[in-house]
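Pasted below: my_file-v3.txt, compact mmCIF, C-alpha atoms.
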```txt
# COMPACT_ATOMS: atom_id res chain seq x y z
CA MET A 61 -9.72 -13.03 -20.38
CA THR A 62 -6.90 -14.36 -22.53
CA ASP A 63 -8.87 -14.36 -25.79
CA LYS A 64 -9.61 -10.61 -25.67
CA ASN A 65 -7.94 -8.06 -27.97
CA TYR A 66 -8.05 -5.17 -25.48
CA ASP A 67 -7.55 -4.85 -21.75
CA VAL A 68 -9.97 -1.99 -21.03
CA PHE A 69 -12.84 -0.22 -22.81
CA GLY A 70 -13.10 3.27 -21.28
CA VAL A 71 -16.04 5.67 -21.44
CA GLY A 72 -15.72 9.28 -20.34
CA ASN A 73 -15.69 12.96 -21.17
CA ALA A 74 -13.17 13.88 -23.86
CA ILE A 75 -11.62 17.13 -22.67
CA VAL A 76 -8.62 19.14 -23.89
CA ASP A 77 -6.75 20.38 -20.82
CA THR A 78 -4.95 23.72 -20.61
CA LEU A 79 -2.40 23.40 -17.80
CA ALA A 80 -1.06 26.36 -15.84
CA GLN A 81 0.96 26.95 -12.66
CA VAL A 82 -0.59 29.73 -10.54
CA GLU A 83 -0.48 31.27 -7.08
CA ASP A 84 -3.20 30.78 -4.44
CA GLU A 85 -4.16 34.43 -4.84
CA LEU A 86 -5.47 33.84 -8.35
CA ILE A 87 -7.74 31.01 -7.16
CA SER A 88 -9.12 33.33 -4.50
CA ASN A 89 -9.56 36.26 -6.92
CA LEU A 90 -11.51 34.05 -9.31
CA ASN A 91 -13.77 32.82 -6.47
CA LEU A 92 -12.97 29.21 -7.26
CA GLY A 93 -13.19 26.32 -4.81
CA LYS A 94 -9.57 25.31 -4.42
CA GLY A 95 -9.00 21.66 -5.22
CA GLY A 96 -12.40 21.23 -6.85
CA MET A 97 -13.92 21.17 -10.31
CA SER A 98 -16.25 23.95 -11.48
CA LEU A 99 -18.49 23.56 -14.52
CA MET A 100 -18.73 26.77 -16.52
CA ASP A 101 -19.79 28.14 -19.88
CA THR A 102 -17.47 29.42 -22.61
CA GLU A 103 -17.66 33.02 -21.40
CA ASN A 104 -16.70 32.24 -17.80
CA GLN A 105 -13.91 29.94 -18.89
CA ALA A 106 -12.61 32.69 -21.18
CA GLN A 107 -12.47 35.03 -18.18
CA VAL A 108 -10.27 32.51 -16.38
CA LEU A 109 -8.00 32.21 -19.41
CA SER A 110 -7.70 35.99 -19.62
CA GLN A 111 -5.96 35.90 -16.22
CA LEU A 112 -3.29 33.57 -17.62
CA GLU A 113 -1.94 35.74 -20.44
CA ASN A 114 1.52 35.92 -18.88
CA LYS A 115 1.64 32.25 -17.85
CA SER A 116 3.27 29.34 -19.63
CA LEU A 117 0.43 27.08 -20.83
CA ARG A 118 0.47 23.48 -22.04
CA LEU A 119 -2.22 21.46 -23.83
CA ALA A 120 -3.02 17.79 -23.21
CA SER A 121 -5.84 15.45 -24.18
CA GLY A 122 -7.59 14.88 -20.88
CA GLY A 123 -10.68 13.79 -19.07
CA SER A 124 -10.45 11.49 -16.06
CA ALA A 125 -11.07 8.17 -17.81
CA ALA A 126 -8.87 9.21 -20.75
CA ASN A 127 -5.95 9.78 -18.36
CA THR A 128 -6.59 6.32 -16.93
CA MET A 129 -6.58 4.75 -20.39
CA VAL A 130 -3.24 6.35 -21.23
CA ALA A 131 -1.78 5.04 -17.95
CA ILE A 132 -2.91 1.55 -18.96
CA ALA A 133 -1.07 1.90 -22.28
CA GLN A 134 2.04 3.28 -20.55
CA SER A 135 1.99 0.25 -18.23
CA GLY A 136 2.10 -2.06 -21.25
CA GLY A 137 -1.62 -2.65 -21.69
CA SER A 138 -4.11 -1.90 -24.45
CA GLY A 139 -7.39 -0.05 -24.58
CA VAL A 140 -10.27 1.59 -26.42
CA TYR A 141 -11.62 5.00 -25.42
CA CYS A 142 -15.16 6.17 -26.12
CA GLY A 143 -15.48 9.95 -25.80
CA LYS A 144 -16.93 12.66 -28.05
CA VAL A 145 -15.10 15.58 -29.65
CA ALA A 146 -16.05 18.09 -32.35
CA HIS A 147 -14.47 18.48 -35.77
CA ASP A 148 -12.48 21.51 -34.64
CA THR A 149 -8.83 22.21 -33.81
CA ASN A 150 -9.13 20.86 -30.27
CA GLY A 151 -10.98 17.77 -31.47
CA GLU A 152 -8.34 16.96 -34.06
CA PHE A 153 -5.62 17.46 -31.45
CA TYR A 154 -7.43 15.21 -28.99
CA LYS A 155 -7.96 12.29 -31.38
CA LYS A 156 -4.35 12.42 -32.62
CA ASP A 157 -2.94 12.67 -29.10
CA MET A 158 -4.94 9.67 -27.83
CA GLU A 159 -4.01 7.52 -30.79
CA GLN A 160 -0.34 8.45 -30.47
CA SER A 161 -0.60 7.36 -26.84
CA GLY A 162 -1.59 3.89 -28.05
CA ILE A 163 -5.33 4.06 -27.38
CA VAL A 164 -7.95 3.17 -30.00
CA PHE A 165 -10.32 6.14 -30.38
CA PRO A 166 -13.29 4.93 -32.48
CA VAL A 167 -15.83 7.77 -32.10
CA PRO A 168 -15.58 9.95 -35.24
CA LEU A 169 -15.17 13.72 -34.98
CA ALA A 170 -18.65 15.23 -34.80
CA PRO A 171 -19.51 17.72 -37.58
CA GLU A 172 -18.93 21.33 -36.59
CA SER A 173 -21.88 22.69 -34.63
CA ALA A 174 -22.62 25.18 -31.90
CA LEU A 175 -20.88 22.90 -29.40
CA PRO A 176 -17.05 22.80 -29.44
CA THR A 177 -14.76 20.11 -28.07
CA GLY A 178 -14.80 20.14 -24.27
CA THR A 179 -12.02 22.04 -22.53
CA CYS A 180 -10.68 22.33 -18.99
CA VAL A 181 -8.37 24.95 -17.51
CA VAL A 182 -6.31 23.18 -14.83
CA LEU A 183 -4.77 25.57 -12.29
CA THR A 184 -2.03 24.07 -10.12
CA THR A 185 -0.90 25.97 -7.00
CA PRO A 186 2.50 25.66 -5.24
CA ASP A 187 1.12 23.06 -2.79
CA ALA A 188 0.53 20.72 -5.79
CA GLU A 189 -3.27 21.08 -5.52
CA ARG A 190 -5.20 21.40 -8.78
CA THR A 191 -8.36 23.43 -9.39
CA MET A 192 -10.32 22.73 -12.57
CA CYS A 193 -12.55 25.00 -14.66
CA THR A 194 -14.42 22.82 -17.13
CA HIS A 195 -16.60 23.50 -20.16
CA LEU A 196 -17.93 20.10 -21.21
CA GLY A 197 -18.85 21.20 -24.75
CA ILE A 198 -19.89 18.46 -27.14
CA SER A 199 -18.91 15.71 -24.69
CA THR A 200 -22.38 16.18 -23.14
CA THR A 201 -23.94 14.76 -26.32
CA LEU A 202 -22.29 11.32 -26.19
CA THR A 203 -25.12 8.87 -26.83
CA LYS A 204 -25.62 5.19 -26.12
CA SER A 205 -25.53 4.47 -29.88
CA GLU A 206 -21.88 5.60 -29.82
CA ILE A 207 -20.90 2.77 -27.47
CA ASP A 208 -19.11 0.40 -29.86
CA VAL A 209 -20.46 -2.94 -28.69
CA ASP A 210 -18.15 -4.91 -30.98
CA LEU A 211 -15.02 -3.32 -29.47
CA LEU A 212 -16.54 -3.65 -25.99
CA SER A 213 -17.00 -7.39 -26.57
CA GLN A 214 -13.28 -7.63 -27.41
CA SER A 215 -12.29 -6.05 -24.08
CA LYS A 216 -11.58 -7.68 -20.72
CA CYS A 217 -13.01 -4.83 -18.66
CA SER A 218 -15.11 -1.69 -19.11
CA TYR A 219 -14.30 1.44 -17.12
CA ILE A 220 -16.89 4.20 -16.67
CA GLU A 221 -16.31 7.64 -15.11
CA GLY A 222 -18.84 9.28 -12.79
CA TYR A 223 -18.34 12.68 -14.42
CA LEU A 224 -20.64 11.48 -17.23
CA TRP A 225 -23.61 11.64 -14.86
CA ASP A 226 -23.89 15.41 -15.30
CA ALA A 227 -25.77 15.17 -18.62
CA GLU A 228 -28.70 12.98 -19.62
CA GLU A 229 -27.36 11.44 -22.85
CA PRO A 230 -23.92 10.47 -21.50
CA ARG A 231 -25.63 9.03 -18.42
CA ALA A 232 -27.68 6.80 -20.72
CA ALA A 233 -24.48 5.86 -22.57
CA CYS A 234 -22.98 4.75 -19.24
CA ILE A 235 -25.94 2.51 -18.49
CA GLU A 236 -25.72 1.07 -22.01
CA ALA A 237 -22.03 0.27 -21.49
CA PHE A 238 -22.79 -1.37 -18.15
CA GLU A 239 -25.69 -3.42 -19.50
CA GLN A 240 -23.81 -4.54 -22.60
CA SER A 241 -20.81 -5.44 -20.43
CA LYS A 242 -22.98 -7.62 -18.23
CA ARG A 243 -24.57 -9.25 -21.28
CA LEU A 244 -21.16 -9.95 -22.82
CA GLY A 245 -19.47 -11.12 -19.62
CA VAL A 246 -17.11 -8.13 -19.55
CA THR A 247 -15.88 -7.11 -16.08
CA THR A 248 -17.24 -3.68 -15.08
CA ALA A 249 -15.37 -0.91 -13.23
CA PHE A 250 -16.72 2.45 -12.10
CA THR A 251 -15.00 5.52 -10.66
CA PHE A 252 -16.96 7.96 -8.49
CA SER A 253 -14.85 10.82 -9.95
CA ASP A 254 -15.74 13.54 -7.42
CA ALA A 255 -17.50 13.90 -4.07
CA PHE A 256 -19.81 16.61 -5.45
CA LEU A 257 -21.23 14.05 -7.90
CA ILE A 258 -22.03 11.68 -5.05
CA ASP A 259 -23.80 14.53 -3.30
CA ARG A 260 -25.92 15.24 -6.38
CA PHE A 261 -26.50 11.68 -7.59
CA ALA A 262 -26.32 9.62 -4.40
CA ASP A 263 -29.29 7.37 -5.23
CA ASP A 264 -28.04 6.76 -8.78
CA PHE A 265 -24.53 5.89 -7.65
CA HIS A 266 -25.79 3.47 -4.99
CA ARG A 267 -28.01 1.81 -7.58
CA VAL A 268 -25.18 1.56 -10.13
CA VAL A 269 -22.87 -0.05 -7.58
CA LYS A 270 -25.56 -2.55 -6.61
CA ASP A 271 -26.73 -3.44 -10.12
CA TYR A 272 -23.62 -3.27 -12.27
CA CYS A 273 -20.21 -2.89 -10.64
CA ASP A 274 -17.54 -5.54 -10.24
CA ILE A 275 -14.79 -3.02 -9.34
CA ILE A 276 -15.07 0.40 -7.63
CA PHE A 277 -12.48 3.20 -7.66
CA CYS A 278 -12.77 6.20 -5.34
CA ASN A 279 -10.71 8.30 -2.95
CA ALA A 280 -11.19 8.54 0.80
CA ASP A 281 -13.27 11.74 0.62
CA GLU A 282 -15.58 10.19 -1.98
CA ALA A 283 -15.97 7.03 0.11
CA LYS A 284 -16.88 9.10 3.17
CA GLN A 285 -19.46 11.03 1.13
CA PHE A 286 -20.87 7.81 -0.35
CA PHE A 287 -21.33 6.15 3.04
CA GLN A 288 -22.09 9.35 4.98
CA THR A 289 -19.38 8.85 7.59
CA GLU A 290 -16.03 10.41 8.48
CA ASP A 291 -14.58 7.06 9.58
CA ILE A 292 -12.54 5.52 6.75
CA ASN A 293 -12.53 2.13 8.49
CA GLU A 294 -16.31 2.18 8.54
CA CYS A 295 -16.18 3.01 4.81
CA THR A 296 -14.04 -0.02 4.03
CA THR A 297 -16.33 -2.28 6.06
CA LYS A 298 -19.42 -0.99 4.28
CA MET A 299 -17.69 -1.22 0.88
CA ALA A 300 -16.84 -4.86 1.58
CA ALA A 301 -20.55 -5.56 2.05
CA ILE A 302 -21.58 -4.27 -1.39
CA CYS A 303 -18.64 -4.87 -3.74
CA ASP A 304 -16.25 -7.76 -4.43
CA LEU A 305 -13.32 -5.49 -5.27
CA ALA A 306 -12.73 -1.82 -4.49
CA PHE A 307 -9.72 0.50 -4.38
CA ILE A 308 -9.95 3.54 -2.08
CA THR A 309 -7.00 5.88 -2.57
CA ASP A 310 -5.73 7.90 0.38
CA GLY A 311 -3.27 10.38 -1.08
CA GLY A 312 0.37 9.82 -0.22
CA ASP A 313 -0.59 7.09 2.26
CA GLY A 314 -1.43 4.68 -0.56
CA ALA A 315 -4.72 2.87 -1.00
CA TYR A 316 -7.14 0.57 0.80
CA VAL A 317 -7.94 -2.61 -1.08
CA VAL A 318 -11.29 -4.24 -0.36
CA GLU A 319 -11.47 -7.74 -1.80
CA LYS A 320 -14.16 -10.32 -1.09
CA GLY A 321 -14.79 -9.06 2.42
CA ASN A 322 -11.13 -8.55 3.32
CA VAL A 323 -9.46 -5.15 3.71
CA PHE A 324 -5.75 -4.40 3.49
CA LYS A 325 -3.58 -1.34 2.89
CA ALA A 326 -1.20 -0.93 -0.04
CA ASN A 327 1.37 1.63 1.06
CA GLY A 328 2.30 4.61 -1.10
CA PHE A 329 5.75 5.55 -2.38
CA PRO A 330 7.77 8.52 -1.11
CA VAL A 331 7.49 11.42 -3.55
CA ASN A 332 8.18 15.11 -4.00
CA ALA A 333 4.73 16.05 -5.27
CA ILE A 334 4.48 19.16 -7.41
CA ASP A 335 1.09 18.55 -9.08
CA THR A 336 -1.64 16.18 -7.88
CA ASN A 337 -3.59 16.54 -11.15
CA GLY A 338 -4.31 13.04 -12.48
CA ALA A 339 -3.00 11.07 -9.48
CA GLY A 340 -6.25 9.16 -8.96
CA ASP A 341 -6.60 8.55 -12.69
CA ALA A 342 -3.05 7.20 -12.83
CA PHE A 343 -3.69 4.90 -9.87
CA ALA A 344 -6.79 3.51 -11.60
CA GLY A 345 -4.83 2.94 -14.81
CA GLY A 346 -2.08 1.09 -13.01
CA ALA A 347 -4.52 -1.00 -10.99
CA LEU A 348 -6.66 -1.86 -14.02
CA TYR A 349 -3.55 -2.89 -15.94
CA GLY A 350 -2.63 -5.10 -13.01
CA ILE A 351 -6.04 -6.73 -12.72
CA THR A 352 -6.41 -7.36 -16.46
CA SER A 353 -2.88 -8.78 -16.72
CA GLY A 354 -3.44 -11.27 -13.91
CA MET A 355 -1.90 -9.57 -10.87
CA THR A 356 -3.31 -10.02 -7.40
CA ALA A 357 -5.35 -7.07 -6.14
CA ASN A 358 -2.52 -6.20 -3.73
CA ASN A 359 0.07 -6.07 -6.52
CA ALA A 360 -2.33 -4.18 -8.78
CA ALA A 361 -2.70 -1.54 -6.05
CA LYS A 362 1.07 -1.45 -5.58
CA TRP A 363 1.56 -0.75 -9.28
CA GLY A 364 -1.21 1.84 -9.18
CA ASN A 365 0.49 3.57 -6.25
CA TYR A 366 3.83 3.59 -8.06
CA PHE A 367 2.31 5.01 -11.24
CA ALA A 368 0.53 7.74 -9.29
CA SER A 369 3.77 8.59 -7.46
CA ARG A 370 5.47 9.19 -10.79
CA VAL A 371 2.63 11.36 -12.11
CA VAL A 372 2.55 13.75 -9.14
CA GLU A 373 6.25 14.52 -9.61
CA ASN A 374 5.42 16.08 -12.99
CA ILE A 375 3.27 18.98 -14.19
CA GLY A 376 0.04 17.69 -15.69
CA PRO A 377 -2.00 14.49 -15.37
CA ARG A 378 0.40 12.21 -17.26
CA ILE A 379 4.01 11.23 -17.61
CA ASP A 380 5.92 11.18 -20.87
CA GLY A 381 6.90 7.80 -22.27
CA SER A 382 6.35 4.37 -20.76
CA LEU A 383 6.78 2.76 -17.35
CA LYS A 384 6.27 -0.85 -18.43
CA GLU A 385 9.96 -1.67 -17.96
CA HIS A 386 9.49 -0.96 -14.23
CA VAL A 387 6.54 -3.29 -13.61
CA ASP A 388 8.48 -6.40 -12.59
CA SER A 389 10.91 -4.61 -10.27
CA VAL A 390 8.14 -2.66 -8.52
CA ILE A 391 5.94 -5.70 -7.98
CA SER A 392 8.79 -7.93 -6.84
```
Take the structure I supplied and represent it as structure tokens, if you would.
Amino acid sequence: MTDKNYDVFGVGNAIVDTLAQVEDELISNLNLGKGGMSLMDTENQAQVLSQLENKSLRLASGGSAANTMVAIAQSGGSGVYCGKVAHDTNGEFYKKDMEQSGIVFPVPLAPESALPTGTCVVLTTPDAERTMCTHLGISTTLTKSEIDVDLLSQSKCSYIEGYLWDAEEPRAACIEAFEQSKRLGVTTAFTFSDAFLIDRFADDFHRVVKDYCDIIFCNADEAKQFFQTEDINECTTKMAAICDLAFITDGGDGAYVVEKGNVFKANGFPVNAIDTNGAGDAFAGGALYGITSGMTANNAAKWGNYFASRVVENIGPRIDGSLKEHVDSVIS
């Protein structure tokens, strides 16, 4: 891996997040599934925004894999992100924000069309749970021709998010990234993203894991959905049978690490969580930084846990600044 220019080549939905702190009552009034992600059109999303007129709102360039890529950069790593935005105000903001975060963003702004840059309203309740209202916009038109194979070949690892499975063209782009990675000898990583995706695309996800994946990221609920069991120990055993390396996060309890048939637990860090938005993404970023920089899987999970613990103590899916000066002390 030492001759590569980038640590990770990420592929995912490019979404501008609007972040808001709300009460549980609003989630109930809007008939949203608390803690989940709802896909909606522009009109429905506008109705949600209309309920936030008196709230303090903050914008951030988001999307699950994008948050992970920024965490890699904030750990001291490098990366390329492949996601699609429109040539509109949100798209310009997104591209600038990613590049200022230290991530190469090679996909050009798409000419203005009927589809805007994707957006997500992230509603965080007092218990730190986040509920997402997402309009995917132009991100659903990411094509396999927009996978930059040259930049992929210069990367140690590719990282693909499951959220892309919701639309046909991005799904094909994922497969292209996987196949090119295998052809080029690039390590492949896949995140399940959400249990509802496993429910809808169970056969696809099982096939992707079998045919393409070197590393799997998921949380305990996603693992249980994937293996159709409520026993997390059974999940880790079954994961060990199909994947050389997997990280299964378990909230504040840390993460299970499944490596070459062995299973061990990387404990979490004590935190005062105020917003769980982006915790799993941050863990993946920390762990991927660890793996691509030569850490053991156990230490990579430890760094991922630490990074996630810092994220949940803030509003939004990211921290400000860098954590790379903490890597050595946390691992040692």
Self-check item: range 312-319 of chain A environment, 8 Å, only C-alpha atoms, sequence neighbours closer than 4 positions dropped, as a ChimeraX atom specification
Solution: /A:296,299-300,303-308,323-330,357-358,361,365
Since we have the selection now, will you write its residues out, keeping C-alpha atoms, as a compact mmCIF listing (two decimals), in the coordinates of the input?
```
# COMPACT_ATOMS: atom_id res chain seq x y z
CA THR A 296 -14.04 -0.02 4.03
CA MET A 299 -17.69 -1.22 0.88
CA ALA A 300 -16.84 -4.86 1.58
CA CYS A 303 -18.64 -4.87 -3.74
CA ASP A 304 -16.25 -7.76 -4.43
CA LEU A 305 -13.32 -5.49 -5.27
CA ALA A 306 -12.73 -1.82 -4.49
CA PHE A 307 -9.72 0.50 -4.38
CA ILE A 308 -9.95 3.54 -2.08
CA VAL A 323 -9.46 -5.15 3.71
CA PHE A 324 -5.75 -4.40 3.49
CA LYS A 325 -3.58 -1.34 2.89
CA ALA A 326 -1.20 -0.93 -0.04
CA ASN A 327 1.37 1.63 1.06
CA GLY A 328 2.30 4.61 -1.10
CA PHE A 329 5.75 5.55 -2.38
CA PRO A 330 7.77 8.52 -1.11
CA ALA A 357 -5.35 -7.07 -6.14
CA ASN A 358 -2.52 -6.20 -3.73
CA ALA A 361 -2.70 -1.54 -6.05
CA ASN A 365 0.49 3.57 -6.25
```
Self-check item: Test item: residues at most 9 Å from range 176-178 of chain A, all atoms listed in the file, excluding those fewer than 3 positions along its chain, as a PyMOL selection string
Solution: chain A and resi 73-77+144-151+154+172-173+194-200
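Note that the spacing between CA of Ser88 in chain A and CA of Gly338 in chain A amounts to 22.3 Å.
Each of A:Cys217, A:Leu183, A:Ala262, A:Ala301 was checked against Ser98 in chain A using only C-alpha atoms; the smallest atom-to-atom distance is that of A:Leu183.
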Exercise. Compile the contact shell of Val246 in chain A as a list of chain:residue names: residues with an atom at most 7 Å away, counting all atoms listed in the file, same-chain residues fewer than 5 positions apart removed.
Key: A:Ser215, A:Lys216, A:Cys217, A:Ser218, A:Ser241
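Take CA of Lys115 in chain A and CA of Val82 in chain A: the distance between them is 8.0 Å.
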Fewer than 3 positions away in the same chain doesn't count, so skip those; otherwise give me all residues within 8 Å of range 220-223 of chain A, counting only C-alpha atoms, as a compact mmCIF listing (two decimals) with C-alpha atoms, in the coordinates of the input.
```
# COMPACT_ATOMS: atom_id res chain seq x y z
CA GLY A 70 -13.10 3.27 -21.28
CA VAL A 71 -16.04 5.67 -21.44
CA GLY A 72 -15.72 9.28 -20.34
CA ASN A 73 -15.69 12.96 -21.17
CA SER A 124 -10.45 11.49 -16.06
CA ALA A 125 -11.07 8.17 -17.81
CA ASP A 226 -23.89 15.41 -15.30
CA CYS A 234 -22.98 4.75 -19.24
CA ALA A 249 -15.37 -0.91 -13.23
CA PHE A 250 -16.72 2.45 -12.10
CA THR A 251 -15.00 5.52 -10.66
CA PHE A 252 -16.96 7.96 -8.49
CA SER A 253 -14.85 10.82 -9.95
CA ASP A 254 -15.74 13.54 -7.42
CA LEU A 257 -21.23 14.05 -7.90
```
Counting only C-alpha atoms, write as an mmCIF file with C-alpha atoms, in the frame of the given file all protein and nucleic acid residues lying at most 10 Å from (-13.9, 11.4, 1.3) in the file's frame.
```cif
data_model
loop_
_atom_site.group_PDB
_atom_site.id
_atom_site.type_symbol
_atom_site.label_atom_id
_atom_site.label_comp_id
_atom_site.auth_asym_id
_atom_site.auth_seq_id
_atom_site.Cartn_x
_atom_site.Cartn_y
_atom_site.Cartn_z
ATOM 1 C CA ASP A 254 -15.740 13.540 -7.420
ATOM 2 C CA ALA A 255 -17.500 13.900 -4.070
ATOM 3 C CA CYS A 278 -12.770 6.200 -5.340
ATOM 4 C CA ASN A 279 -10.710 8.300 -2.950
ATOM 5 C CA ALA A 280 -11.190 8.540 0.800
ATOM 6 C CA ASP A 281 -13.270 11.740 0.620
ATOM 7 C CA GLU A 282 -15.580 10.190 -1.980
ATOM 8 C CA ALA A 283 -15.970 7.030 0.110
ATOM 9 C CA LYS A 284 -16.880 9.100 3.170
ATOM 10 C CA GLN A 285 -19.460 11.030 1.130
ATOM 11 C CA PHE A 286 -20.870 7.810 -0.350
ATOM 12 C CA PHE A 287 -21.330 6.150 3.040
ATOM 13 C CA GLN A 288 -22.090 9.350 4.980
ATOM 14 C CA THR A 289 -19.380 8.850 7.590
ATOM 15 C CA GLU A 290 -16.030 10.410 8.480
ATOM 16 C CA ASP A 291 -14.580 7.060 9.580
ATOM 17 C CA ILE A 292 -12.540 5.520 6.750
ATOM 18 C CA CYS A 295 -16.180 3.010 4.810
ATOM 19 C CA ILE A 308 -9.950 3.540 -2.080
ATOM 20 C CA THR A 309 -7.000 5.880 -2.570
ATOM 21 C CA ASP A 310 -5.730 7.900 0.380
#
```
Self-check item: Atom pair CA of Asp67 in chain A / CA of Lys156 in chain A: separation (Å)
Solution: 20.7 Å
Quiz prompt | Shell around range 368-384 of chain A at 7 Å using all atoms listed in the file, local window under 3 positions removed, as a list in words | solution = Leu79, Asn127, Gln134, Ser135, Gly136, Phe329, Val331, Asn332, Ala333, Ile334, Asp335, Thr336, Asn337, Gly338, Ala339, Gly340, Ala342, Phe343, Gly364, Asn365 and Val387 of chain A
Could you save the residues just selected, with C-alpha atoms, as a PDB file, in the coordinates of the input?
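Result saved to out_26.pdb:
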```pdb
ATOM      1  CA  LEU A  79      -2.400  23.400 -17.800  1.00  0.00           C
ATOM      2  CA  ASN A 127      -5.950   9.780 -18.360  1.00  0.00           C
ATOM      3  CA  GLN A 134       2.040   3.280 -20.550  1.00  0.00           C
ATOM      4  CA  SER A 135       1.990   0.250 -18.230  1.00  0.00           C
ATOM      5  CA  GLY A 136       2.100  -2.060 -21.250  1.00  0.00           C
ATOM      6  CA  PHE A 329       5.750   5.550  -2.380  1.00  0.00           C
ATOM      7  CA  VAL A 331       7.490  11.420  -3.550  1.00  0.00           C
ATOM      8  CA  ASN A 332       8.180  15.110  -4.000  1.00  0.00           C
ATOM      9  CA  ALA A 333       4.730  16.050  -5.270  1.00  0.00           C
ATOM     10  CA  ILE A 334       4.480  19.160  -7.410  1.00  0.00           C
ATOM     11  CA  ASP A 335       1.090  18.550  -9.080  1.00  0.00           C
ATOM     12  CA  THR A 336      -1.640  16.180  -7.880  1.00  0.00           C
ATOM     13  CA  ASN A 337      -3.590  16.540 -11.150  1.00  0.00           C
ATOM     14  CA  GLY A 338      -4.310  13.040 -12.480  1.00  0.00           C
ATOM     15  CA  ALA A 339      -3.000  11.070  -9.480  1.00  0.00           C
ATOM     16  CA  GLY A 340      -6.250   9.160  -8.960  1.00  0.00           C
ATOM     17  CA  ALA A 342      -3.050   7.200 -12.830  1.00  0.00           C
ATOM     18  CA  PHE A 343      -3.690   4.900  -9.870  1.00  0.00           C
ATOM     19  CA  GLY A 364      -1.210   1.840  -9.180  1.00  0.00           C
ATOM     20  CA  ASN A 365       0.490   3.570  -6.250  1.00  0.00           C
ATOM     21  CA  VAL A 387       6.540  -3.290 -13.610  1.00  0.00           C
TER      22      VAL A 387
END
```
